[in-house]
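Data block for entry_14.pdb (PDB, C-alpha atoms):
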ATOM      1  CA  MET A   1      47.980 114.622 149.553  1.00  0.00           C
ATOM      2  CA  ARG A   2      50.658 115.824 147.134  1.00  0.00           C
ATOM      3  CA  ASP A   3      50.200 115.544 143.381  1.00  0.00           C
ATOM      4  CA  ILE A   4      52.105 112.705 141.749  1.00  0.00           C
ATOM      5  CA  THR A   5      53.354 113.091 138.195  1.00  0.00           C
ATOM      6  CA  ILE A   6      54.806 110.538 135.814  1.00  0.00           C
ATOM      7  CA  ASN A   7      58.230 111.944 136.585  1.00  0.00           C
ATOM      8  CA  ASP A   8      57.611 111.294 140.293  1.00  0.00           C
ATOM      9  CA  ILE A   9      56.608 107.702 139.558  1.00  0.00           C
ATOM     10  CA  LEU A  10      59.774 107.141 137.539  1.00  0.00           C
ATOM     11  CA  LYS A  11      61.846 108.532 140.399  1.00  0.00           C
ATOM     12  CA  MET A  12      60.065 106.186 142.822  1.00  0.00           C
ATOM     13  CA  ILE A  13      60.812 103.221 140.569  1.00  0.00           C
ATOM     14  CA  PHE A  14      64.500 104.080 140.168  1.00  0.00           C
ATOM     15  CA  ALA A  15      64.802 104.695 143.906  1.00  0.00           C
ATOM     16  CA  HIS A  16      63.788 101.072 144.526  1.00  0.00           C
ATOM     17  CA  ILE A  17      65.237  99.472 141.403  1.00  0.00           C
ATOM     18  CA  LYS A  18      67.117  96.818 143.383  1.00  0.00           C
ATOM     19  CA  LEU A  19      63.935  95.743 145.174  1.00  0.00           C
ATOM     20  CA  ILE A  20      62.063  95.584 141.867  1.00  0.00           C
ATOM     21  CA  ILE A  21      64.739  93.448 140.197  1.00  0.00           C
ATOM     22  CA  ILE A  22      65.043  91.056 143.147  1.00  0.00           C
ATOM     23  CA  VAL A  23      61.273  90.551 143.513  1.00  0.00           C
ATOM     24  CA  SER A  24      60.818  90.037 139.758  1.00  0.00           C
ATOM     25  CA  VAL A  25      63.624  87.487 139.496  1.00  0.00           C
ATOM     26  CA  VAL A  26      62.459  85.600 142.610  1.00  0.00           C
ATOM     27  CA  ALA A  27      58.884  85.487 141.240  1.00  0.00           C
ATOM     28  CA  ALA A  28      60.101  84.177 137.864  1.00  0.00           C
ATOM     29  CA  LEU A  29      62.266  81.525 139.532  1.00  0.00           C
ATOM     30  CA  GLY A  30      59.409  80.493 141.830  1.00  0.00           C
ATOM     31  CA  ALA A  31      56.993  80.159 138.907  1.00  0.00           C
ATOM     32  CA  TYR A  32      59.516  78.050 136.981  1.00  0.00           C
ATOM     33  CA  ILE A  33      60.142  75.718 139.941  1.00  0.00           C
ATOM     34  CA  TYR A  34      56.403  75.388 140.565  1.00  0.00           C
ATOM     35  CA  ALA A  35      55.694  74.467 136.928  1.00  0.00           C
ATOM     36  CA  ASP A  36      58.617  72.057 136.752  1.00  0.00           C
ATOM     37  CA  ASN A  37      57.927  70.196 140.002  1.00  0.00           C
ATOM     38  CA  PHE A  38      54.260  70.521 140.947  1.00  0.00           C
ATOM     39  CA  ILE A  39      52.282  70.539 137.681  1.00  0.00           C
ATOM     40  CA  PRO A  40      51.784  67.080 136.097  1.00  0.00           C
ATOM     41  CA  LYS A  41      53.614  66.821 132.784  1.00  0.00           C
ATOM     42  CA  LYS A  42      51.703  66.000 129.610  1.00  0.00           C
ATOM     43  CA  TYR A  43      53.073  64.456 126.421  1.00  0.00           C
ATOM     44  CA  SER A  44      51.686  64.615 122.890  1.00  0.00           C
ATOM     45  CA  SER A  45      52.228  62.401 119.865  1.00  0.00           C
ATOM     46  CA  THR A  46      50.765  62.894 116.386  1.00  0.00           C
ATOM     47  CA  ALA A  47      50.020  60.585 113.469  1.00  0.00           C
ATOM     48  CA  MET A  48      48.450  61.471 110.136  1.00  0.00           C
ATOM     49  CA  ILE A  49      46.041  59.977 107.624  1.00  0.00           C
ATOM     50  CA  ILE A  50      44.658  61.254 104.338  1.00  0.00           C
ATOM     51  CA  ILE A  51      41.080  60.932 103.153  1.00  0.00           C
ATOM     52  CA  LYS A  52      40.578  60.232  99.458  1.00  0.00           C
ATOM     53  CA  TYR A  53      37.334  60.749  97.600  1.00  0.00           C
ATOM     54  CA  LYS A  54      37.006  58.293  94.711  1.00  0.00           C
ATOM     55  CA  ALA A  55      35.027  59.098  91.624  1.00  0.00           C
ATOM     56  CA  GLU A  56      34.039  56.417  89.143  1.00  0.00           C
ATOM     57  CA  ALA A  57      37.223  54.668  88.048  1.00  0.00           C
ATOM     58  CA  ASN A  58      38.318  54.914  84.441  1.00  0.00           C
ATOM     59  CA  ASP A  59      39.609  51.967  82.504  1.00  0.00           C
ATOM     60  CA  ASN A  60      43.128  53.412  82.567  1.00  0.00           C
ATOM     61  CA  ASP A  61      43.174  53.857  86.362  1.00  0.00           C
ATOM     62  CA  GLN A  62      45.182  51.426  88.396  1.00  0.00           C
ATOM     63  CA  ALA A  63      43.828  50.044  91.656  1.00  0.00           C
ATOM     64  CA  ALA A  64      47.118  50.591  93.420  1.00  0.00           C
ATOM     65  CA  ASP A  65      47.265  54.286  92.511  1.00  0.00           C
ATOM     66  CA  ASN A  66      47.355  56.334  95.736  1.00  0.00           C
ATOM     67  CA  ARG A  67      47.135  59.727  94.072  1.00  0.00           C
ATOM     68  CA  VAL A  68      44.222  62.127  94.561  1.00  0.00           C
ATOM     69  CA  SER A  69      42.907  63.856  91.464  1.00  0.00           C
ATOM     70  CA  SER A  70      42.810  67.636  91.524  1.00  0.00           C
ATOM     71  CA  GLY A  71      39.091  67.564  90.767  1.00  0.00           C
ATOM     72  CA  ALA A  72      38.367  65.373  93.779  1.00  0.00           C
ATOM     73  CA  LEU A  73      40.612  67.328  96.164  1.00  0.00           C
ATOM     74  CA  THR A  74      37.880  69.714  97.312  1.00  0.00           C
ATOM     75  CA  LEU A  75      35.464  66.840  97.860  1.00  0.00           C
ATOM     76  CA  SER A  76      38.190  64.995  99.765  1.00  0.00           C
ATOM     77  CA  ALA A  77      38.746  68.010 102.041  1.00  0.00           C
ATOM     78  CA  ASN A  78      35.031  68.249 102.808  1.00  0.00           C
ATOM     79  CA  LEU A  79      34.891  64.523 103.454  1.00  0.00           C
ATOM     80  CA  ALA A  80      37.936  64.731 105.754  1.00  0.00           C
ATOM     81  CA  GLU A  81      36.260  67.381 107.901  1.00  0.00           C
ATOM     82  CA  ASN A  82      33.218  65.155 108.300  1.00  0.00           C
ATOM     83  CA  VAL A  83      35.357  62.104 109.025  1.00  0.00           C
ATOM     84  CA  SER A  84      37.242  63.929 111.798  1.00  0.00           C
ATOM     85  CA  VAL A  85      33.968  64.419 113.682  1.00  0.00           C
ATOM     86  CA  ILE A  86      32.842  60.804 113.227  1.00  0.00           C
ATOM     87  CA  PHE A  87      36.201  59.326 114.186  1.00  0.00           C
ATOM     88  CA  GLN A  88      36.231  61.193 117.508  1.00  0.00           C
ATOM     89  CA  ARG A  89      32.801  59.861 118.439  1.00  0.00           C
ATOM     90  CA  CYS A  90      32.513  56.390 116.965  1.00  0.00           C
ATOM     91  CA  GLU A  91      32.728  53.419 119.298  1.00  0.00           C
ATOM     92  CA  GLU A  92      35.551  51.723 117.392  1.00  0.00           C
ATOM     93  CA  MET A  93      37.890  54.686 118.024  1.00  0.00           C
ATOM     94  CA  LEU A  94      36.745  55.363 121.584  1.00  0.00           C
ATOM     95  CA  ASP A  95      37.602  51.779 122.555  1.00  0.00           C
ATOM     96  CA  ILE A  96      41.243  52.382 121.520  1.00  0.00           C
ATOM     97  CA  ILE A  97      41.747  55.437 123.737  1.00  0.00           C
ATOM     98  CA  PRO A  98      43.121  54.597 127.212  1.00  0.00           C
ATOM     99  CA  PRO A  99      41.437  56.179 130.257  1.00  0.00           C
ATOM    100  CA  GLY A 100      42.872  59.569 131.138  1.00  0.00           C
ATOM    101  CA  TYR A 101      44.156  60.292 127.631  1.00  0.00           C
ATOM    102  CA  GLY A 102      42.755  62.822 125.190  1.00  0.00           C
ATOM    103  CA  VAL A 103      42.560  62.509 121.413  1.00  0.00           C
ATOM    104  CA  THR A 104      42.081  65.282 118.873  1.00  0.00           C
ATOM    105  CA  ILE A 105      41.395  64.451 115.228  1.00  0.00           C
ATOM    106  CA  ALA A 106      41.337  67.495 112.991  1.00  0.00           C
ATOM    107  CA  SER A 107      41.739  68.404 109.331  1.00  0.00           C
ATOM    108  CA  VAL A 108      44.885  70.308 108.354  1.00  0.00           C
ATOM    109  CA  ASN A 109      44.066  73.759 106.975  1.00  0.00           C
ATOM    110  CA  GLU A 110      40.963  72.572 105.141  1.00  0.00           C
ATOM    111  CA  THR A 111      42.859  69.867 103.268  1.00  0.00           C
ATOM    112  CA  ASN A 112      42.182  66.149 102.987  1.00  0.00           C
ATOM    113  CA  ALA A 113      44.832  65.378 105.650  1.00  0.00           C
ATOM    114  CA  LEU A 114      43.824  64.508 109.217  1.00  0.00           C
ATOM    115  CA  THR A 115      46.102  64.707 112.227  1.00  0.00           C
ATOM    116  CA  ILE A 116      45.579  62.340 115.150  1.00  0.00           C
ATOM    117  CA  THR A 117      47.038  63.894 118.307  1.00  0.00           C
ATOM    118  CA  VAL A 118      47.034  61.941 121.563  1.00  0.00           C
ATOM    119  CA  THR A 119      47.851  63.708 124.844  1.00  0.00           C
ATOM    120  CA  GLY A 120      48.515  62.084 128.210  1.00  0.00           C
ATOM    121  CA  SER A 121      50.960  61.393 131.003  1.00  0.00           C
ATOM    122  CA  ASP A 122      53.050  58.741 129.186  1.00  0.00           C
ATOM    123  CA  GLY A 123      54.762  59.500 125.880  1.00  0.00           C
ATOM    124  CA  GLN A 124      54.969  55.857 124.821  1.00  0.00           C
ATOM    125  CA  VAL A 125      51.249  55.301 125.388  1.00  0.00           C
ATOM    126  CA  CYS A 126      50.497  58.478 123.420  1.00  0.00           C
ATOM    127  CA  ALA A 127      52.509  57.235 120.429  1.00  0.00           C
ATOM    128  CA  ASP A 128      51.044  53.729 120.578  1.00  0.00           C
ATOM    129  CA  THR A 129      47.483  55.082 120.770  1.00  0.00           C
ATOM    130  CA  ALA A 130      47.998  57.487 117.859  1.00  0.00           C
ATOM    131  CA  ASN A 131      49.381  54.655 115.732  1.00  0.00           C
ATOM    132  CA  ALA A 132      46.539  52.319 116.738  1.00  0.00           C
ATOM    133  CA  ILE A 133      43.960  54.887 115.606  1.00  0.00           C
ATOM    134  CA  ARG A 134      45.971  55.511 112.434  1.00  0.00           C
ATOM    135  CA  ASN A 135      46.067  51.813 111.593  1.00  0.00           C
ATOM    136  CA  ALA A 136      42.381  51.292 112.383  1.00  0.00           C
ATOM    137  CA  SER A 137      41.222  54.238 110.295  1.00  0.00           C
ATOM    138  CA  PRO A 138      40.884  52.405 106.910  1.00  0.00           C
ATOM    139  CA  GLU A 139      38.595  49.734 108.380  1.00  0.00           C
ATOM    140  CA  VAL A 140      36.523  52.239 110.394  1.00  0.00           C
ATOM    141  CA  PHE A 141      36.218  54.506 107.354  1.00  0.00           C
ATOM    142  CA  GLU A 142      35.004  51.635 105.204  1.00  0.00           C
ATOM    143  CA  LYS A 143      32.331  50.819 107.791  1.00  0.00           C
ATOM    144  CA  TYR A 144      30.793  54.316 107.742  1.00  0.00           C
ATOM    145  CA  TYR A 145      31.554  55.616 104.213  1.00  0.00           C
ATOM    146  CA  TYR A 146      31.756  54.515 100.610  1.00  0.00           C
ATOM    147  CA  GLY A 147      33.218  56.245  97.596  1.00  0.00           C
ATOM    148  CA  GLY A 148      36.480  56.941  99.355  1.00  0.00           C
ATOM    149  CA  GLU A 149      39.165  55.594 101.657  1.00  0.00           C
ATOM    150  CA  ALA A 150      41.403  56.507 104.589  1.00  0.00           C
ATOM    151  CA  VAL A 151      45.112  55.987 103.986  1.00  0.00           C
ATOM    152  CA  PRO A 152      47.790  56.042 106.729  1.00  0.00           C
ATOM    153  CA  PHE A 153      50.145  58.822 105.695  1.00  0.00           C
ATOM    154  CA  SER A 154      53.874  59.322 106.203  1.00  0.00           C
ATOM    155  CA  ARG A 155      55.703  57.781 109.165  1.00  0.00           C
ATOM    156  CA  PRO A 156      53.954  56.461 112.285  1.00  0.00           C
ATOM    157  CA  ALA A 157      53.748  58.588 115.416  1.00  0.00           C
ATOM    158  CA  SER A 158      56.951  58.605 117.463  1.00  0.00           C
ATOM    159  CA  VAL A 159      57.538  58.853 121.184  1.00  0.00           C
ATOM    160  CA  PRO A 160      57.931  62.543 122.126  1.00  0.00           C
ATOM    161  CA  GLY A 161      61.341  63.526 123.395  1.00  0.00           C
ATOM    162  CA  THR A 162      59.981  66.059 125.866  1.00  0.00           C
ATOM    163  CA  HIS A 163      56.683  67.025 127.457  1.00  0.00           C
ATOM    164  CA  SER A 164      54.294  69.395 125.704  1.00  0.00           C
ATOM    165  CA  SER A 165      52.992  71.009 128.890  1.00  0.00           C
ATOM    166  CA  PRO A 166      53.505  72.779 131.152  1.00  0.00           C
ATOM    167  CA  ASP A 167      55.738  75.336 129.436  1.00  0.00           C
ATOM    168  CA  GLU A 168      58.150  76.284 132.239  1.00  0.00           C
ATOM    169  CA  THR A 169      59.547  79.229 130.274  1.00  0.00           C
ATOM    170  CA  ARG A 170      56.078  80.685 129.845  1.00  0.00           C
ATOM    171  CA  PHE A 171      55.357  80.276 133.543  1.00  0.00           C
ATOM    172  CA  ALA A 172      58.651  82.004 134.364  1.00  0.00           C
ATOM    173  CA  LEU A 173      57.782  84.893 132.038  1.00  0.00           C
ATOM    174  CA  PHE A 174      54.359  85.347 133.646  1.00  0.00           C
ATOM    175  CA  GLY A 175      55.999  85.130 137.076  1.00  0.00           C
ATOM    176  CA  PHE A 176      58.511  87.804 136.119  1.00  0.00           C
ATOM    177  CA  ILE A 177      55.789  90.123 134.807  1.00  0.00           C
ATOM    178  CA  GLY A 178      53.665  89.550 137.911  1.00  0.00           C
ATOM    179  CA  GLY A 179      56.640  90.166 140.205  1.00  0.00           C
ATOM    180  CA  LEU A 180      57.539  93.294 138.247  1.00  0.00           C
ATOM    181  CA  ILE A 181      54.043  94.748 138.609  1.00  0.00           C
ATOM    182  CA  ILE A 182      53.794  93.892 142.307  1.00  0.00           C
ATOM    183  CA  SER A 183      57.257  95.257 143.115  1.00  0.00           C
ATOM    184  CA  ILE A 184      56.533  98.531 141.287  1.00  0.00           C
ATOM    185  CA  LEU A 185      53.290  98.929 143.242  1.00  0.00           C
ATOM    186  CA  ILE A 186      55.166  98.233 146.476  1.00  0.00           C
ATOM    187  CA  ALA A 187      57.801 100.843 145.584  1.00  0.00           C
ATOM    188  CA  ILE A 188      55.146 103.449 144.830  1.00  0.00           C
ATOM    189  CA  ILE A 189      53.249 102.693 148.047  1.00  0.00           C
ATOM    190  CA  ILE A 190      56.446 102.981 150.090  1.00  0.00           C
ATOM    191  CA  GLU A 191      57.156 106.388 148.598  1.00  0.00           C
ATOM    192  CA  VAL A 192      53.571 107.628 148.962  1.00  0.00           C
ATOM    193  CA  ILE A 193      53.256 106.719 152.649  1.00  0.00           C
ATOM    194  CA  ASP A 194      56.709 108.165 153.382  1.00  0.00           C
ATOM    195  CA  THR A 195      55.979 111.523 155.075  1.00  0.00           C
ATOM    196  CA  THR A 196      59.570 112.720 155.203  1.00  0.00           C
ATOM    197  CA  ILE A 197      60.373 115.764 153.082  1.00  0.00           C
ATOM    198  CA  LYS A 198      62.727 115.058 150.255  1.00  0.00           C
ATOM    199  CA  PRO A 199      65.247 117.657 149.078  1.00  0.00           C
ATOM    200  CA  GLY A 200      64.469 120.111 146.319  1.00  0.00           C
ATOM    201  CA  ASP A 201      61.146 119.746 144.567  1.00  0.00           C
ATOM    202  CA  ASP A 202      59.195 118.422 147.607  1.00  0.00           C
ATOM    203  CA  LEU A 203      59.557 121.719 149.443  1.00  0.00           C
ATOM    204  CA  PHE A 204      58.363 123.628 146.418  1.00  0.00           C
ATOM    205  CA  LYS A 205      55.363 121.332 145.943  1.00  0.00           C
ATOM    206  CA  ILE A 206      54.319 121.507 149.608  1.00  0.00           C
ATOM    207  CA  TYR A 207      54.941 125.173 150.409  1.00  0.00           C
ATOM    208  CA  ASP A 208      55.036 126.688 146.936  1.00  0.00           C
ATOM    209  CA  VAL A 209      58.365 128.273 147.816  1.00  0.00           C
ATOM    210  CA  PRO A 210      61.363 127.901 145.497  1.00  0.00           C
ATOM    211  CA  VAL A 211      64.538 126.355 146.916  1.00  0.00           C
ATOM    212  CA  PHE A 212      67.700 128.310 146.086  1.00  0.00           C
ATOM    213  CA  ALA A 213      70.260 126.317 148.098  1.00  0.00           C
ATOM    214  CA  GLU A 214      70.674 123.367 150.456  1.00  0.00           C
ATOM    215  CA  ILE A 215      72.680 123.311 153.697  1.00  0.00           C
ATOM    216  CA  ILE A 216      74.674 120.173 154.422  1.00  0.00           C
ATOM    217  CA  ASP A 217      73.947 118.562 157.792  1.00  0.00           C
ATOM    218  CA  PHE A 218      77.369 118.555 159.430  1.00  0.00           C
ATOM    219  CA  ASP A 219      75.924 116.895 162.529  1.00  0.00           C
ATOM    220  CA  SER A 220      75.277 113.678 160.635  1.00  0.00           C
ATOM    221  CA  ASP A 221      77.181 110.520 161.508  1.00  0.00           C
ATOM    222  CA  ALA A 222      79.631 111.031 158.662  1.00  0.00           C
ATOM    223  CA  GLY A 223      80.240 114.634 159.716  1.00  0.00           C
ATOM    224  CA  SER A 224      80.716 113.663 163.368  1.00  0.00           C
ATOM    225  CA  ARG A 225      83.298 111.046 162.444  1.00  0.00           C
ATOM    226  CA  ARG A 226      85.228 113.563 160.351  1.00  0.00           C
ATOM    227  CA  LYS A 227      85.195 116.153 163.170  1.00  0.00           C
ATOM    228  CA  GLY A 228      86.232 113.521 165.716  1.00  0.00           C
ATOM    229  CA  ALA A 229      89.170 112.535 163.585  1.00  0.00           C
ATOM    230  CA  VAL A 230      90.297 116.151 163.427  1.00  0.00           C
ATOM    231  CA  ARG A 231      90.144 116.522 167.220  1.00  0.00           C
ATOM    232  CA  LYS A 232      92.380 113.527 167.682  1.00  0.00           C
TER     233      LYS A 232
END
With the file now loaded, output its structure as structure tokens.
Amino acid sequence: MRDITINDILKMIFAHIKLIIIVSVVAALGAYIYADNFIPKKYSSTAMIIIKYKAEANDNDQAADNRVSSGALTLSANLAENVSVIFQRCEEMLDIIPPGYGVTIASVNETNALTITVTGSDGQVCADTANAIRNASPEVFEKYYYGGEAVPFSRPASVPGTHSSPDETRFALFGFIGGLIISILIAIIIEVIDTTIKPGDDLFKIYDVPVFAEIIDFDSDAGSRRKGAVRK
């Protein structure tokens, strides 16, 4: 078996560049169509609440004040992390979640904010469920904790405009990469199993004899047509 260098591999690839491009594009298109038509689409909607730790109130504090003191912010963040675990497991929240839908409640970058993300097959149901959990959070929090409160934050969850998964572009990219690798392997295999002697370097590699010149095959089809035209 002849030795194959990197230069040989590059020549093999360029010799079959059309095959490689076609296979890669077809694989990318196939992966995109498969993801778009055969994988169930999932939607996600997110609501947010904030957890506030309350120290002993001062006489000057107002009951309607929704601010969080800087001193209590760290305690609020720790409390929020604990609340996220309880909320995902308590019966009051589990009863809100429709069958077949998933809910993730997590603190935001170790702050006192919690995101409520609902994922499922219907965007409207996802938004309604996220808002239901958001609205129920103050009452559920009060049942399990004291010295703090859960406050619905910002705007309610909205219906997503598009699905969150699958990502058709990502599937197409993976399909293209897979097709590219497979087509390159096919091109190399075709060249390796080809036993015909190529001009130039192949003769030197096989027989260790330098090639000084090449003789054109005048008996080829093109040559025969030219000679036939002259005879006429």
Could you check the closest approach to Gly120 (chain A) for each of A:Leu180, A:Ile97, A:Ile86, A:Ala77 and tell me which residue wins, using all atoms listed in the file?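 Smallest distance to Gly120 (chain A) is found for A:Ile97.
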Which residues are near Ser107 (chain A)? Cut-off 8 Å, all atoms listed in the file, ignore same chain within fewer than 6 positions. Put them as a list in words. Ala77, Ala80, Glu81, Ser84, Ala113, Leu114 and Thr115 of chain A
Thr117 (chain A) surroundings by only C-alpha atoms, 9 Å radius, close-in-sequence under 5 positions cut, as an NGL selection string: :A and (44-48 or 102-106 or 126-127 or 130)
Next, dump the selected residues to file, keeping only C-alpha atoms, as a PDB file, in the frame of the given file.
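The result, stored in selection-v2.pdb:
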ATOM      1  CA  SER A  44      51.686  64.615 122.890  1.00  0.00           C
ATOM      2  CA  SER A  45      52.228  62.401 119.865  1.00  0.00           C
ATOM      3  CA  THR A  46      50.765  62.894 116.386  1.00  0.00           C
ATOM      4  CA  ALA A  47      50.020  60.585 113.469  1.00  0.00           C
ATOM      5  CA  MET A  48      48.450  61.471 110.136  1.00  0.00           C
ATOM      6  CA  GLY A 102      42.755  62.822 125.190  1.00  0.00           C
ATOM      7  CA  VAL A 103      42.560  62.509 121.413  1.00  0.00           C
ATOM      8  CA  THR A 104      42.081  65.282 118.873  1.00  0.00           C
ATOM      9  CA  ILE A 105      41.395  64.451 115.228  1.00  0.00           C
ATOM     10  CA  ALA A 106      41.337  67.495 112.991  1.00  0.00           C
ATOM     11  CA  CYS A 126      50.497  58.478 123.420  1.00  0.00           C
ATOM     12  CA  ALA A 127      52.509  57.235 120.429  1.00  0.00           C
ATOM     13  CA  ALA A 130      47.998  57.487 117.859  1.00  0.00           C
TER      14      ALA A 130
END
Output check: residues returned by the PyMOL selection byres ((chain A and resi 39) around 12), as a list of chain:residue names: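 That selection, the PyMOL selection byres ((chain A and resi 39) around 12), comes back as A:Ala31, A:Tyr32, A:Ile33, A:Tyr34, A:Ala35, A:Asp36, A:Asn37, A:Phe38, A:Pro40, A:Lys41, A:Lys42, A:Ser121, A:His163, A:Ser165, A:Pro166, A:Asp167, A:Glu168, A:Phe171.
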CA of Tyr43 (chain A) to CA of Val159 (chain A): how many Å, to one decimal?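 Going from CA of Tyr43 (chain A) over to CA of Val159 (chain A) covers 8.9 Å.
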Grab the CA of Ile9 (chain A) to CA of Asp194 (chain A) distance for me, in Å with one decimal place. 13.8 Å
For the file shown, what are the residues hit by the PyMOL selection byres ((chain A and resi 25) around 10), laid out as a count of residues only? 18
Residue among A:Val108, A:Val151, A:Ala136, A:Ala157 lying closest to Gly123 (chain A), counting all atoms listed in the file: A:Ala157
Pick the closest to Glu149 (chain A) from A:Gln124, A:Ser76, A:Thr5, A:Ser183: which is it, counting only C-alpha atoms?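 When distances to Glu149 (chain A) are compared using only C-alpha atoms, the smallest one comes from A:Ser76.
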Would you mind reading off the distance between CA of Asn135 (chain A) and CA of Asn78 (chain A), one decimal, in Å? 21.7 Å
Expansion of the PyMOL selection byres ((chain A and resi 187) around 9) into residues, as a ChimeraX atom specification: /A:12-13,15-17,19-20,182-186,188-192
So, counting all atoms listed in the file, which residue among A:Ile49, A:Lys143, A:Arg89, A:Leu75 is closest to Pro156 (chain A)?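 Answer, going by the shortest atom-to-atom distance: A:Ile49.
Distances to Asn82 (chain A) were evaluated for A:Tyr145, A:Asn131, A:Pro138, A:Ser158 using all atoms listed in the file, and the minimum falls at A:Tyr145.
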Judged by all atoms listed in the file, the minimum distance to Leu79 (chain A) among A:Ser137, A:Thr169, A:Val125, A:Gly148 is found for A:Gly148
What are the centre and the three edge lengths of an axis-aligned box that wraps all atoms of region 4-18 of chain A in the file, given that 8 Å is added to every side, written as JSON and rounded to one decimal in Å?
{"center_x": 59.6, "center_y": 105.0, "center_z": 140.2, "size_x": 31.0, "size_y": 32.3, "size_z": 24.7}
Reconstruct region 28-48 of chain A at the level of N, CA and C atoms, and format the result as a compact mmCIF listing (two decimals), in the coordinates of the input.
# COMPACT_ATOMS: atom_id res chain seq x y z
N ALA A 28 59.89 84.99 139.07
CA ALA A 28 60.10 84.18 137.86
C ALA A 28 60.68 82.81 138.22
N LEU A 29 61.66 82.79 139.12
CA LEU A 29 62.27 81.53 139.53
C LEU A 29 61.25 80.65 140.26
N GLY A 30 60.43 81.25 141.12
CA GLY A 30 59.41 80.49 141.83
C GLY A 30 58.38 79.89 140.90
N ALA A 31 57.97 80.67 139.88
CA ALA A 31 56.99 80.16 138.91
C ALA A 31 57.58 79.01 138.10
N TYR A 32 58.85 79.12 137.74
CA TYR A 32 59.52 78.05 136.98
C TYR A 32 59.60 76.77 137.81
N ILE A 33 60.02 76.89 139.06
CA ILE A 33 60.14 75.72 139.94
C ILE A 33 58.78 75.08 140.17
N TYR A 34 57.76 75.92 140.35
CA TYR A 34 56.40 75.39 140.56
C TYR A 34 55.93 74.60 139.35
N ALA A 35 56.13 75.15 138.15
CA ALA A 35 55.69 74.47 136.93
C ALA A 35 56.47 73.18 136.69
N ASP A 36 57.76 73.21 137.03
CA ASP A 36 58.62 72.06 136.75
C ASP A 36 58.41 70.91 137.74
N ASN A 37 57.99 71.22 138.97
CA ASN A 37 57.93 70.20 140.00
C ASN A 37 56.53 69.85 140.49
N PHE A 38 55.57 70.74 140.33
CA PHE A 38 54.26 70.52 140.95
C PHE A 38 53.11 70.38 139.95
N ILE A 39 53.34 70.70 138.69
CA ILE A 39 52.28 70.54 137.68
C ILE A 39 52.55 69.25 136.90
N PRO A 40 51.57 68.34 136.83
CA PRO A 40 51.78 67.08 136.10
C PRO A 40 52.16 67.34 134.64
N LYS A 41 53.14 66.63 134.16
CA LYS A 41 53.61 66.82 132.78
C LYS A 41 52.75 66.02 131.81
N LYS A 42 52.48 66.62 130.67
CA LYS A 42 51.70 66.00 129.61
C LYS A 42 52.56 65.85 128.35
N TYR A 43 52.35 64.74 127.66
CA TYR A 43 53.07 64.46 126.42
C TYR A 43 52.07 64.36 125.27
N SER A 44 52.54 64.68 124.08
CA SER A 44 51.69 64.61 122.89
C SER A 44 52.42 63.90 121.76
N SER A 45 51.67 63.09 121.03
CA SER A 45 52.23 62.40 119.86
C SER A 45 51.19 62.46 118.74
N THR A 46 51.67 62.65 117.51
CA THR A 46 50.76 62.89 116.39
C THR A 46 51.04 61.94 115.23
N ALA A 47 49.97 61.37 114.70
CA ALA A 47 50.02 60.58 113.47
C ALA A 47 49.13 61.27 112.43
N MET A 48 49.21 60.81 111.20
CA MET A 48 48.45 61.47 110.14
C MET A 48 47.85 60.44 109.18
